[in-house]
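The structure appears right after this line, and notes come after that.
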Amino acid sequence: MISLNVNQKAYQVDADPNMPLLWVIRDIIGLTGTKYGCGVAQCGACVVHLNGEAVRSCVTKVSRAEGQQVTTIEGLSANNDHPAQVAWNEENVPQCGYCHSGQIMSAAVLLRDNPNPTDEDIDNAMAGNICRCGTYLRIRKAIHTAAELQRKEVKS
Amino acid sequence: MSTSNISRRNFLRAAGLTGTALCLGLYFPASSKESEVFNAGDEEASGIELNSWIKIDKDGKVTLVDHRAEMGQGSYQSVPQILAEELEVDLNNVNIVFARGDKKYGNQITGGSSTIRGSYKNLLKLGATARVMLIQAAANKWAVPATECYAESGHVIHRPSGKKFHYGELVETASKLETPKNVPLKKISEYKLIRKPLHRQDTPLKTNGAAVFGLDFRLPGMLYAVVERNPRLRGKVKSFDDAAALKVPGVKRVFKVQMLVYSTIREGVAVVATSTWAAMQGRKALHVEWDDTGFEHLSTAEIYSRQNQELQTKEGLSFRKVGDPDNLLKNAAKKLDVVYETPYQAHSAMEPLNCVAHYQDSKIEIWGPIQAPDWVQDFITTQFNMPKDKVIVNMTFLGGGFGRKAFLDYPHEATLISKEMGAPVMVVWSREDDVRQGPFRPGISYRAEGVVDSGNISAIKFRMAGQNLDHWQGGKKDKANGSTTEGFLEPYFKTIKNISFADVPFETPIPTMWWRSVYASTNGFAFESFMDEMAHAAGKDPLDFRRQYLPEDRLQRLINKMEEVSGWKSREKNGGYGVAMTECFSSTVGQIVKVSKTAAGKIKVDHVWAVMDCGWYVNPDIIKAQVEGSILMALGAATIQEITFKDGLAQQHNFYDYKMPRITDMPPIDVYVMDNAEDAGGVGEPGLPAFSPALTNAIFDLTGKRIRKLPFDMNAV
Ligand code: FES
Ligand code: FES
């Protein structure tokens with residue numbers, strides 16, 4: 001049994017300690033917002049936060065998450081209202097949408113660490129997330145919008 | 001509630017003949033293109049089948065059906081946006097559901113960019129018919145003339161008195177009315193929703209993990225399977241050793257499975273387990289011996305050398321011919337004679353293929369990212385000898401499709417495995433399966449010959465050699481590829497007096513199929529590169545050259561728009577500007593690309609201007625998004641992606657060797673949508689074909705180097 005804390009909820013899972021966190025989250029815990037895209041740390045579809053930092057859950061053994069705080073897209077905000085989520089809606093970012101759990105989880109870390117990112121900062125932070133549908137222009141735009149929303153939030 | 005594949009009596013009960021809901025559907029008479037609108041009451045009288053796009057319950061809750069797949073292209077928004085316009089309901093308050101596979105919805109294959117162009121007239125009519133009936137119901141209840149009433153935001157209002165009913169209060173009365181014929185439709189100028197860049201209704205679901213894609217679907221007791229398939233398609237399982245696989249915790253069973261890829265059996269060994277990962281571990285521990293004899297194991301070099309050879313030695317099967325280009329070519333003192341090559345591609349939708357099937361003795365139910373639920377229903381019905389109404393095919397959201405998910409192989413395989421297990425099973429394809437197993441977009445070679453005489457085209461002759469998708473589907477071998485001219489602008493056939501197209505038949509054992517924009521995705525590169533070469537030979541401006549040969553008003557307007565938005569006229573000489581125009585699924589797209597060279601000598605795309613003429617349209621923001629995405633997909637296919645073969649095997653595996661463009665590769669793109677009231681054309685694919693030739697034409701403008709083979713390395717031009 002492995003003790004996990006996912007989105008502020010405690011779980012005891014019966015899993016091989018080598019099983020990637022991705023499959024524990026999806027197949028055992030049953031939270032399917034975190035996606036499988038490549039399984040080899042190439043695409044970012046599986047990004048979750050481990051103690052607040054973005055990790056690729058497809059190559060993170062569940063044993064590494066034992067006793068740590070895991071946040072998935074479902075736990076990023078209570079009402080789809082993290083500034084990145086709001087901005088993604090505002091800028092009509094998703095097409096198929098499959099990559100965007102990972103995109104948003106990556107963007108959330110960027111926005112925390114760098115509240116006023118330039119295009120270049122965004123490109124550097126987001127280059128690990130593939131979008132086959134080609135929504136990159138809107139991702140960039142939405143991150144700027146999110147940064148603005150975040151600044152307003154801080155002020156008010 | 002399910003409304004398809006249930007008995008007529010249940011349907012009537014479900015659909016509201018008891019007066020609880022107004023339920024409208026379209027009947028598609030086989031003999032006629034015109035469809036009639038019926039309400040549920042008509043079914044009894046006329047004895048016809050019907051199904052529902054619009055349902056209103058007594059509380060006024062409106063449910064609209066998306067009968068097509070949602071794979072990013074926006075049907076989940078655009079189909080309801082059309083219905084809601086004529087129905088006069090607030091799109092933010094409706095419930096949107098996916099249809100099941102059912103012939104009651106007409107053609108459901110979400111391909112050929114056909115959702116809007118194939119359905120919009122019917123959808124408008126459905127919405128309007130429901131509105132008229134609701135207005136009539138209100139008028140009856142108030143005992144006033146219907147002309148004194150109007151509908152707005154889910155209510156019918158009596159203009160003189162200001163009295164109003166919400167739709168829920170009217171459904172019972174409305175459902176008993178006779179369905180009106182030839183209801184009035186709004187003028188474009190009256191639209192409140194259509195042509196507006198409304199936010200997509202699926203976006204919130206895609207920002208918090210709520211959208212259910214195929215891989216997210218769950219059933220109680222569902223098992224997970226992966227399959228070690230022969231990547232050479234025709235290879236057979238000689239033997240397999242499952243001892244180690246069965247020792248992996250969670251692995252339940254290992255067995256051979258045979259699925260159909262068109263009519264060829266692809267063999268594999270399935271590993272079924274309690275989780276995806278356990279199944280994947282079992283697969284790693286599995287050892288399969290293959291029999292790969294009896295068919296050719298080709299390499300990429302062999303494929304292209306053969307098809308290029310054929311182009312030099314064979315005339316091929318004539319597809320279309322105007323005038324006598326051969327004669328002019330024979331007698332020309334000077335001619336262009338060049339070959340273009342385009343690569344094989346994998347689809348690589350972000351969501352790898354997957355499918356859930358639950359085979360039971362009395363019925364089969366399927367859930368998955370499926371582009372063609374009606375095709376899957378027909379196919380499974382035949383393969384498993386099950387009555388059609390006992391085969392239920394459900395669409396989830398699709399994490400991209402690009403044509404690959406309009407195929408039947410993966411639902412077939414999932415059903416076979418579920419049958420063997422006697423349990424619901426999800427079959428998961430790995431990224432490697434997606435990249436290596438195809439079917440792929442075929443790599444095509446083209447030979448283009450042309451003669452220019454005093455600044456004008458005197459003759460053009462195109463020949464293509466490459467795998468013909470028609471052949472996989474029983475197409476006749478002595479018939480030219482049906483898509484030989486796909487991508488080429490029809491009006492050229494009037495203005496170019498001597499022109500011909502032929503298909504030089506070519507086959508390999510490599511499985512191929514349609515990929516976003518199908519043959520236009522490769523044809524476009526050859527056609528529009530060659531048009532640029534001809535313009536250059538004629539000493540003409542490449543945009544003016546197209547203008548000269550495309551005199552139709554509609555195309556002239558599009559050319560003018562491209563010229564205006566890109567600043568074409570005031571561009572610097574050899575400043576790196578290229579143009580291309582293609583037709584695809586009844587839409588014309590023109591693109592202008594501007595490139596430069598960085599200090600390091602790398603080609604950089606500075607800007608793309610794309611002008612889309614898709615006629616009547618629904619949501620301009622979705623169109624823009626589709627063109628942006630199409631351009632990026634074309635950029636990848638032109639510069640970094642190629643499936644190559646060695647010994648009959650694809651050599652790429654995953655995103656590390658079949659690379660995807662990243663955010664750092666995305667060029668600035670401006671998309672313009674032409675405003676007119678012409679018939680609707682496609683949107684999801686037509687933005688793709690013009691990009692690669694516009695790019696290489698721009699590179700020619702900048703560097704004088706003509707690129708005739710894709711993909712090419714932007715770092716080494
Ligand atoms: S699935 Fe983890 S990076 Fe692609
Ligand atoms: S929206 Fe489809 S992969 Fe990004």
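Residues are named by chain letter and number: chains run A, B, ... in the order of the structure tokens, numbers start at 1 in each chain, and ligands are numbered from 1 in the order shown.
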task = Could you please write out, as a PyMOL selection string, every residue of chain A that DSSP assigns to helix (DSSP H, G or I)?
result = chain A and resi 21-29+57-59+62-65+73-75+83-90+100-113+119-126+136-155
message = At a cut-off of 8 Å and counting only C-alpha atoms and all ligand atoms, what residues surround ligand 1? Please answer as number ranges by chain.
response = A: 22, 35-47, 56-59, 128-129
Written selection (N, CA and C atoms) as a PDB file, in the first residue's frame:
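Wrote again.pdb, looks like this:
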ATOM      1  N   LEU A  22       1.248   8.590 -13.432  1.00  0.00           N
ATOM      2  CA  LEU A  22       0.192   8.787 -14.440  1.00  0.00           C
ATOM      3  C   LEU A  22      -0.863   7.693 -14.378  1.00  0.00           C
ATOM      4  N   LYS A  35      -3.349  13.313 -18.815  1.00  0.00           N
ATOM      5  CA  LYS A  35      -3.398  12.512 -20.043  1.00  0.00           C
ATOM      6  C   LYS A  35      -2.111  11.762 -20.364  1.00  0.00           C
ATOM      7  N   TYR A  36      -2.297  10.674 -21.073  1.00  0.00           N
ATOM      8  CA  TYR A  36      -1.178   9.925 -21.655  1.00  0.00           C
ATOM      9  C   TYR A  36      -0.988  10.397 -23.092  1.00  0.00           C
ATOM     10  N   GLY A  37       0.218  10.855 -23.411  1.00  0.00           N
ATOM     11  CA  GLY A  37       0.480  11.262 -24.794  1.00  0.00           C
ATOM     12  C   GLY A  37       1.638  10.517 -25.410  1.00  0.00           C
ATOM     13  N   CYS A  38       2.668  10.227 -24.615  1.00  0.00           N
ATOM     14  CA  CYS A  38       3.855   9.584 -25.188  1.00  0.00           C
ATOM     15  C   CYS A  38       4.481   8.570 -24.245  1.00  0.00           C
ATOM     16  N   GLY A  39       4.340   8.799 -22.946  1.00  0.00           N
ATOM     17  CA  GLY A  39       4.898   7.867 -21.970  1.00  0.00           C
ATOM     18  C   GLY A  39       6.395   7.993 -21.768  1.00  0.00           C
ATOM     19  N   VAL A  40       7.031   8.904 -22.499  1.00  0.00           N
ATOM     20  CA  VAL A  40       8.496   8.987 -22.419  1.00  0.00           C
ATOM     21  C   VAL A  40       8.986  10.437 -22.244  1.00  0.00           C
ATOM     22  N   ALA A  41       8.226  11.230 -21.523  1.00  0.00           N
ATOM     23  CA  ALA A  41       8.662  12.590 -21.167  1.00  0.00           C
ATOM     24  C   ALA A  41       8.889  13.504 -22.370  1.00  0.00           C
ATOM     25  N   GLN A  42       8.125  13.281 -23.451  1.00  0.00           N
ATOM     26  CA  GLN A  42       8.312  14.088 -24.659  1.00  0.00           C
ATOM     27  C   GLN A  42       7.225  15.135 -24.890  1.00  0.00           C
ATOM     28  N   CYS A  43       6.030  14.936 -24.327  1.00  0.00           N
ATOM     29  CA  CYS A  43       4.915  15.760 -24.797  1.00  0.00           C
ATOM     30  C   CYS A  43       4.254  16.641 -23.743  1.00  0.00           C
ATOM     31  N   GLY A  44       4.390  16.291 -22.482  1.00  0.00           N
ATOM     32  CA  GLY A  44       3.816  17.132 -21.432  1.00  0.00           C
ATOM     33  C   GLY A  44       2.326  16.954 -21.180  1.00  0.00           C
ATOM     34  N   ALA A  45       1.680  16.030 -21.860  1.00  0.00           N
ATOM     35  CA  ALA A  45       0.242  15.836 -21.647  1.00  0.00           C
ATOM     36  C   ALA A  45      -0.056  15.373 -20.224  1.00  0.00           C
ATOM     37  N   CYS A  46       0.956  14.807 -19.581  1.00  0.00           N
ATOM     38  CA  CYS A  46       0.768  14.167 -18.274  1.00  0.00           C
ATOM     39  C   CYS A  46       1.238  15.025 -17.118  1.00  0.00           C
ATOM     40  N   VAL A  47       1.504  16.301 -17.367  1.00  0.00           N
ATOM     41  CA  VAL A  47       2.083  17.143 -16.307  1.00  0.00           C
ATOM     42  C   VAL A  47       1.131  17.292 -15.119  1.00  0.00           C
ATOM     43  N   ARG A  56       6.462  15.327 -15.037  1.00  0.00           N
ATOM     44  CA  ARG A  56       5.807  14.492 -16.031  1.00  0.00           C
ATOM     45  C   ARG A  56       5.450  13.172 -15.353  1.00  0.00           C
ATOM     46  N   SER A  57       4.169  12.992 -15.131  1.00  0.00           N
ATOM     47  CA  SER A  57       3.754  11.847 -14.323  1.00  0.00           C
ATOM     48  C   SER A  57       3.980  10.520 -15.037  1.00  0.00           C
ATOM     49  N   CYS A  58       4.196  10.561 -16.348  1.00  0.00           N
ATOM     50  CA  CYS A  58       4.409   9.290 -17.073  1.00  0.00           C
ATOM     51  C   CYS A  58       5.766   8.688 -16.766  1.00  0.00           C
ATOM     52  N   VAL A  59       6.699   9.523 -16.271  1.00  0.00           N
ATOM     53  CA  VAL A  59       8.025   8.998 -15.940  1.00  0.00           C
ATOM     54  C   VAL A  59       8.357   9.208 -14.463  1.00  0.00           C
ATOM     55  N   GLY A 128       8.091  22.199 -23.664  1.00  0.00           N
ATOM     56  CA  GLY A 128       7.968  20.772 -23.398  1.00  0.00           C
ATOM     57  C   GLY A 128       6.561  20.225 -23.589  1.00  0.00           C
ATOM     58  N   ASN A 129       5.626  21.100 -23.926  1.00  0.00           N
ATOM     59  CA  ASN A 129       4.234  20.657 -24.106  1.00  0.00           C
ATOM     60  C   ASN A 129       3.855  20.702 -25.573  1.00  0.00           C
TER      61      ASN A 129
END
Determine, using only C-alpha atoms and all ligand atoms, which residues of chain B have any atom at most 8 Å from an atom of ligand 2, and tabulate each with its shortest atom pair and distance in Å to one decimal place, rows ordered by chain and then rising number, as JSON lines.
{"residue": "B:Met71", "atom": "CA", "partner": "ligand 2", "partner_atom_place_in_ligand_line": "2 (Fe)", "distance": 7.8}
{"residue": "B:Gly72", "atom": "CA", "partner": "ligand 2", "partner_atom_place_in_ligand_line": "2 (Fe)", "distance": 6.2}
{"residue": "B:Ala349", "atom": "CA", "partner": "ligand 2", "partner_atom_place_in_ligand_line": "3 (S)", "distance": 7.0}
{"residue": "B:Met350", "atom": "CA", "partner": "ligand 2", "partner_atom_place_in_ligand_line": "3 (S)", "distance": 4.9}
{"residue": "B:Glu351", "atom": "CA", "partner": "ligand 2", "partner_atom_place_in_ligand_line": "3 (S)", "distance": 7.7}
{"residue": "B:Gly399", "atom": "CA", "partner": "ligand 2", "partner_atom_place_in_ligand_line": "2 (Fe)", "distance": 5.9}
{"residue": "B:Gly400", "atom": "CA", "partner": "ligand 2", "partner_atom_place_in_ligand_line": "2 (Fe)", "distance": 5.6}
Keeping only N, CA, C and O atoms, write the selected residues to a file as a short mmCIF file (atom, residue, chain, number, x, y, z; two decimals), in the first residue's frame.
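And here's result.cif as it stands now:
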data_model
loop_
_atom_site.label_atom_id
_atom_site.label_comp_id
_atom_site.auth_asym_id
_atom_site.auth_seq_id
_atom_site.Cartn_x
_atom_site.Cartn_y
_atom_site.Cartn_z
N MET B 71 -13.51 16.57 -32.65
CA MET B 71 -12.09 16.19 -32.54
C MET B 71 -11.19 17.42 -32.51
O MET B 71 -10.02 17.35 -32.82
N GLY B 72 -11.82 18.55 -32.17
CA GLY B 72 -11.07 19.79 -32.11
C GLY B 72 -11.58 20.80 -33.12
O GLY B 72 -11.42 22.00 -32.97
N ALA B 349 -2.44 11.87 -33.67
CA ALA B 349 -3.37 12.64 -32.84
C ALA B 349 -2.83 12.59 -31.42
O ALA B 349 -2.21 11.61 -31.02
N MET B 350 -3.06 13.65 -30.69
CA MET B 350 -2.49 13.72 -29.34
C MET B 350 -3.01 12.58 -28.46
O MET B 350 -2.29 12.06 -27.62
N GLU B 351 -4.26 12.22 -28.65
CA GLU B 351 -4.80 11.08 -27.91
C GLU B 351 -4.54 9.84 -28.75
O GLU B 351 -5.13 9.68 -29.82
N GLY B 399 -9.39 13.21 -28.88
CA GLY B 399 -8.19 14.01 -28.72
C GLY B 399 -7.44 14.09 -30.05
O GLY B 399 -6.35 13.58 -30.21
N GLY B 400 -8.10 14.70 -31.03
CA GLY B 400 -7.56 14.75 -32.39
C GLY B 400 -7.97 13.52 -33.17
O GLY B 400 -8.25 12.46 -32.60
#
request  = Using only C-alpha atoms, determine which residues lie at most 6 Å from Gly450 of chain B, disregarding the query and same-chain residues fewer than 3 positions distant; provide the list as a ChimeraX atom specification.
outcome  = /B:335-336,459-460
Output for the residues just chosen: N, CA and C atoms as an mmCIF file, in the first residue's frame:
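Okay, selection_6.cif is ready:
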data_model
loop_
_atom_site.group_PDB
_atom_site.id
_atom_site.type_symbol
_atom_site.label_atom_id
_atom_site.label_comp_id
_atom_site.auth_asym_id
_atom_site.auth_seq_id
_atom_site.Cartn_x
_atom_site.Cartn_y
_atom_site.Cartn_z
ATOM 1 N N LYS B 335 11.342 23.541 -72.078
ATOM 2 C CA LYS B 335 10.251 23.168 -71.174
ATOM 3 C C LYS B 335 10.759 22.932 -69.771
ATOM 4 N N LEU B 336 9.851 23.031 -68.842
ATOM 5 C CA LEU B 336 10.160 22.665 -67.463
ATOM 6 C C LEU B 336 9.783 21.198 -67.301
ATOM 7 N N ALA B 459 1.274 24.930 -71.945
ATOM 8 C CA ALA B 459 0.873 23.555 -71.601
ATOM 9 C C ALA B 459 1.379 23.168 -70.217
ATOM 10 N N ILE B 460 0.571 22.323 -69.535
ATOM 11 C CA ILE B 460 0.991 21.721 -68.264
ATOM 12 C C ILE B 460 0.595 20.250 -68.275
#
Write out as a tab-separated table (two decimals) with C-alpha atoms, in the first residue's frame the residues lying within 9 Å of Asp27 of chain A, counting only C-alpha atoms and excluding same-chain residues fewer than 4 positions away.
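Wrote it out as result_6.tsv, contents follow:
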chain	number	residue	atom	x	y	z
A	22	LEU	CA	0.19	8.79	-14.44
A	23	TRP	CA	-1.36	5.33	-14.46
A	31	LEU	CA	-8.91	10.96	-12.12
A	32	THR	CA	-8.71	11.08	-15.89
B	274	THR	CA	-6.29	-4.77	-14.69
B	275	SER	CA	-4.55	-1.53	-15.58
B	276	THR	CA	-3.01	0.04	-18.66
B	277	TRP	CA	0.41	-0.10	-17.14
ask   = Which of these residues is nearest to chain B, using only C-alpha atoms: A:Val55, A:Leu21, A:Ala10, A:Val109?
value =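 Looking at the shortest contact to chain B, the residue is A:Leu21.
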request  = With a distance cut-off of 6 Å and only C-alpha atoms, select the neighbouring residues of segment 133-143 of chain A, excluding the residue or stretch itself and same-chain residues fewer than 3 positions from it, and output the selection as a PyMOL selection string.
outcome  = (chain A and resi 87-88+91+93+146) or (chain B and resi 629+632+663)
Include N, CA and C atoms and write out the residues we just selected as a short mmCIF file (atom, residue, chain, number, x, y, z; two decimals), in the first residue's frame.
data_model
loop_
_atom_site.label_atom_id
_atom_site.label_comp_id
_atom_site.auth_asym_id
_atom_site.auth_seq_id
_atom_site.Cartn_x
_atom_site.Cartn_y
_atom_site.Cartn_z
N ALA A 87 -8.22 32.38 -18.41
CA ALA A 87 -7.64 32.94 -19.64
C ALA A 87 -7.80 31.96 -20.81
N TRP A 88 -7.65 30.68 -20.55
CA TRP A 88 -7.83 29.68 -21.61
C TRP A 88 -9.24 29.76 -22.20
N GLU A 91 -9.58 33.18 -24.21
CA GLU A 91 -8.88 33.24 -25.51
C GLU A 91 -9.23 32.06 -26.41
N VAL A 93 -8.69 28.82 -26.32
CA VAL A 93 -7.45 28.11 -26.65
C VAL A 93 -7.66 26.69 -27.18
N ALA A 146 -3.63 35.62 -18.56
CA ALA A 146 -3.65 35.07 -17.20
C ALA A 146 -2.76 35.89 -16.28
N GLY B 629 -4.17 25.86 -36.88
CA GLY B 629 -3.74 24.49 -36.61
C GLY B 629 -3.31 23.75 -37.86
N LEU B 632 0.17 24.84 -38.81
CA LEU B 632 1.22 24.24 -38.00
C LEU B 632 1.43 22.77 -38.38
N ILE B 663 5.94 25.13 -29.44
CA ILE B 663 5.51 26.54 -29.37
C ILE B 663 6.57 27.46 -29.99
#
Quick one: everything within 7 Å of Pro94 of chain A, counting only C-alpha atoms, minus sequence neighbours fewer than 5 positions away in the same chain. Send it as a PDB file with all heavy atoms, in the first residue's frame.
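Contents of the output file out.pdb:
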ATOM      1  N   HIS A 100      -4.401  20.053 -23.161  1.00  0.00           N
ATOM      2  CA  HIS A 100      -4.475  21.272 -22.365  1.00  0.00           C
ATOM      3  C   HIS A 100      -4.440  21.084 -20.857  1.00  0.00           C
ATOM      4  O   HIS A 100      -4.104  22.022 -20.147  1.00  0.00           O
ATOM      5  CB  HIS A 100      -5.649  22.140 -22.813  1.00  0.00           C
ATOM      6  CG  HIS A 100      -5.337  22.807 -24.116  1.00  0.00           C
ATOM      7  ND1 HIS A 100      -4.376  23.784 -24.217  1.00  0.00           N
ATOM      8  CD2 HIS A 100      -5.774  22.596 -25.375  1.00  0.00           C
ATOM      9  CE1 HIS A 100      -4.256  24.161 -25.478  1.00  0.00           C
ATOM     10  NE2 HIS A 100      -5.093  23.450 -26.206  1.00  0.00           N
ATOM     11  N   THR A 135      -2.392  24.966 -31.191  1.00  0.00           N
ATOM     12  CA  THR A 135      -3.020  26.086 -30.491  1.00  0.00           C
ATOM     13  C   THR A 135      -1.986  27.022 -29.851  1.00  0.00           C
ATOM     14  O   THR A 135      -2.329  27.824 -28.983  1.00  0.00           O
ATOM     15  CB  THR A 135      -3.977  25.577 -29.386  1.00  0.00           C
ATOM     16  OG1 THR A 135      -3.205  24.844 -28.418  1.00  0.00           O
ATOM     17  CG2 THR A 135      -5.052  24.668 -29.938  1.00  0.00           C
TER      18      THR A 135
ATOM     19  N   THR B 203     -15.072  24.401 -24.244  1.00  0.00           N
ATOM     20  CA  THR B 203     -13.828  24.887 -23.639  1.00  0.00           C
ATOM     21  C   THR B 203     -13.764  24.673 -22.125  1.00  0.00           C
ATOM     22  O   THR B 203     -12.764  24.142 -21.628  1.00  0.00           O
ATOM     23  CB  THR B 203     -13.580  26.359 -24.003  1.00  0.00           C
ATOM     24  OG1 THR B 203     -13.589  26.467 -25.427  1.00  0.00           O
ATOM     25  CG2 THR B 203     -12.233  26.840 -23.488  1.00  0.00           C
ATOM     26  N   LYS B 206     -12.619  21.410 -21.164  1.00  0.00           N
ATOM     27  CA  LYS B 206     -11.262  21.066 -21.577  1.00  0.00           C
ATOM     28  C   LYS B 206     -10.205  21.840 -20.794  1.00  0.00           C
ATOM     29  O   LYS B 206      -9.022  21.762 -21.107  1.00  0.00           O
ATOM     30  CB  LYS B 206     -11.112  21.309 -23.084  1.00  0.00           C
ATOM     31  CG  LYS B 206     -11.948  20.322 -23.909  1.00  0.00           C
ATOM     32  CD  LYS B 206     -11.930  20.630 -25.398  1.00  0.00           C
ATOM     33  CE  LYS B 206     -12.668  19.530 -26.178  1.00  0.00           C
ATOM     34  NZ  LYS B 206     -12.733  19.832 -27.624  1.00  0.00           N
TER      35      LYS B 206
END
request  = Please give the complete set of residues from segment 120-205 of chain B that DSSP, run on the backbone, assigns to strand (DSSP E or B), formatted as a list of chain:residue names.
outcome  = B:Cys149, B:Tyr150, B:Ala151, B:Glu152, B:His155, B:Val156, B:Ile157, B:His158, B:Lys164, B:Phe165, B:His166
Write the residues of the selection above to a file with all heavy atoms, as a compact mmCIF listing (two decimals), in the first residue's frame.
# COMPACT_ATOMS: atom_id res chain seq x y z
N CYS B 149 -47.12 36.67 -32.56
CA CYS B 149 -46.18 36.10 -31.59
C CYS B 149 -44.79 35.96 -32.20
O CYS B 149 -44.65 35.78 -33.40
CB CYS B 149 -46.65 34.71 -31.14
SG CYS B 149 -48.34 34.68 -30.55
N TYR B 150 -43.82 36.01 -31.35
CA TYR B 150 -42.45 35.75 -31.80
C TYR B 150 -41.68 35.01 -30.72
O TYR B 150 -42.10 34.97 -29.56
CB TYR B 150 -41.74 37.05 -32.20
CG TYR B 150 -41.46 37.98 -31.04
CD1 TYR B 150 -40.18 38.02 -30.47
CD2 TYR B 150 -42.44 38.83 -30.55
CE1 TYR B 150 -39.91 38.88 -29.41
CE2 TYR B 150 -42.17 39.69 -29.48
CZ TYR B 150 -40.90 39.71 -28.91
OH TYR B 150 -40.65 40.55 -27.86
N ALA B 151 -40.58 34.43 -31.14
CA ALA B 151 -39.78 33.63 -30.21
C ALA B 151 -38.47 34.33 -29.91
O ALA B 151 -37.88 34.96 -30.78
CB ALA B 151 -39.49 32.26 -30.82
N GLU B 152 -38.05 34.21 -28.65
CA GLU B 152 -36.78 34.81 -28.26
C GLU B 152 -36.29 34.12 -27.00
O GLU B 152 -37.06 33.93 -26.05
CB GLU B 152 -37.02 36.30 -27.98
CG GLU B 152 -35.74 37.12 -27.85
CD GLU B 152 -36.07 38.60 -27.64
OE1 GLU B 152 -36.38 38.98 -26.49
OE2 GLU B 152 -36.06 39.34 -28.63
N HIS B 155 -38.38 31.53 -25.23
CA HIS B 155 -39.74 31.93 -24.88
C HIS B 155 -40.51 32.31 -26.14
O HIS B 155 -39.92 32.75 -27.11
CB HIS B 155 -39.73 33.15 -23.96
CG HIS B 155 -39.20 32.88 -22.60
ND1 HIS B 155 -37.86 32.76 -22.33
CD2 HIS B 155 -39.84 32.67 -21.41
CE1 HIS B 155 -37.68 32.52 -21.05
NE2 HIS B 155 -38.87 32.45 -20.46
N VAL B 156 -41.83 32.17 -26.06
CA VAL B 156 -42.67 32.76 -27.09
C VAL B 156 -43.40 33.94 -26.45
O VAL B 156 -43.93 33.82 -25.34
CB VAL B 156 -43.68 31.75 -27.68
CG1 VAL B 156 -44.59 32.44 -28.70
CG2 VAL B 156 -42.94 30.58 -28.34
N ILE B 157 -43.38 35.05 -27.17
CA ILE B 157 -43.93 36.29 -26.61
C ILE B 157 -45.07 36.77 -27.51
O ILE B 157 -44.97 36.73 -28.74
CB ILE B 157 -42.82 37.36 -26.52
CG1 ILE B 157 -41.71 36.85 -25.58
CG2 ILE B 157 -43.37 38.70 -26.01
CD1 ILE B 157 -40.35 37.32 -25.92
N HIS B 158 -46.13 37.19 -26.87
CA HIS B 158 -47.25 37.77 -27.62
C HIS B 158 -47.00 39.28 -27.68
O HIS B 158 -47.01 39.98 -26.66
CB HIS B 158 -48.59 37.47 -26.89
CG HIS B 158 -49.78 38.02 -27.60
ND1 HIS B 158 -50.73 38.81 -26.98
CD2 HIS B 158 -50.16 37.90 -28.90
CE1 HIS B 158 -51.65 39.15 -27.88
NE2 HIS B 158 -51.33 38.61 -29.04
N LYS B 164 -45.91 35.99 -22.05
CA LYS B 164 -44.94 35.02 -22.58
C LYS B 164 -45.03 33.65 -21.93
O LYS B 164 -45.47 33.50 -20.79
CB LYS B 164 -43.52 35.57 -22.52
CG LYS B 164 -42.97 35.95 -21.15
CD LYS B 164 -41.45 35.96 -21.20
CE LYS B 164 -40.86 37.35 -21.33
NZ LYS B 164 -39.41 37.35 -21.16
N PHE B 165 -44.63 32.66 -22.71
CA PHE B 165 -44.49 31.28 -22.24
C PHE B 165 -43.04 30.87 -22.42
O PHE B 165 -42.42 31.25 -23.42
CB PHE B 165 -45.31 30.32 -23.12
CG PHE B 165 -46.77 30.26 -22.82
CD1 PHE B 165 -47.70 30.53 -23.83
CD2 PHE B 165 -47.24 29.89 -21.56
CE1 PHE B 165 -49.06 30.44 -23.58
CE2 PHE B 165 -48.61 29.80 -21.31
CZ PHE B 165 -49.52 30.08 -22.31
N HIS B 166 -42.50 30.09 -21.49
CA HIS B 166 -41.22 29.47 -21.84
C HIS B 166 -41.51 28.19 -22.62
O HIS B 166 -42.61 27.63 -22.54
CB HIS B 166 -40.29 29.30 -20.63
CG HIS B 166 -40.68 28.28 -19.62
ND1 HIS B 166 -40.70 26.93 -19.88
CD2 HIS B 166 -41.06 28.42 -18.31
CE1 HIS B 166 -41.06 26.27 -18.80
NE2 HIS B 166 -41.30 27.15 -17.83
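Taking only C-alpha atoms, the non-local environment of Ala84 of chain A within 10 Å (same-chain residues fewer than 6 positions away omitted) comprises A:Leu76, A:Glu90, A:Gln103, A:Ile104, A:Met105, A:Ser106, A:Ala107, A:Ala108, A:Leu111, A:Ile139, A:Ala142, A:Ile143, A:His144, A:Thr145, A:Ala146, A:Ala147, A:Leu149, A:Gln150, B:Thr207.
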query = In Å, how far is it from atom CA of Ala243 of chain B to atom CA of Asn230 of chain B?
reply = 19.8 Å
request  = Go ahead and compute the interatomic distance for atom CA of Asn498 of chain B and atom CA of Lys705 of chain B, in Å to one decimal.
outcome  = 28.0 Å
ask   = For Thr60 of chain A, which residue out of A:Met19, A:Ile73, A:Asn116, A:Asn80 is the nearest one, using only C-alpha atoms?
value =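 Of A:Met19, A:Ile73, A:Asn116, A:Asn80, the one nearest Thr60 of chain A is A:Met19, counting only C-alpha atoms.
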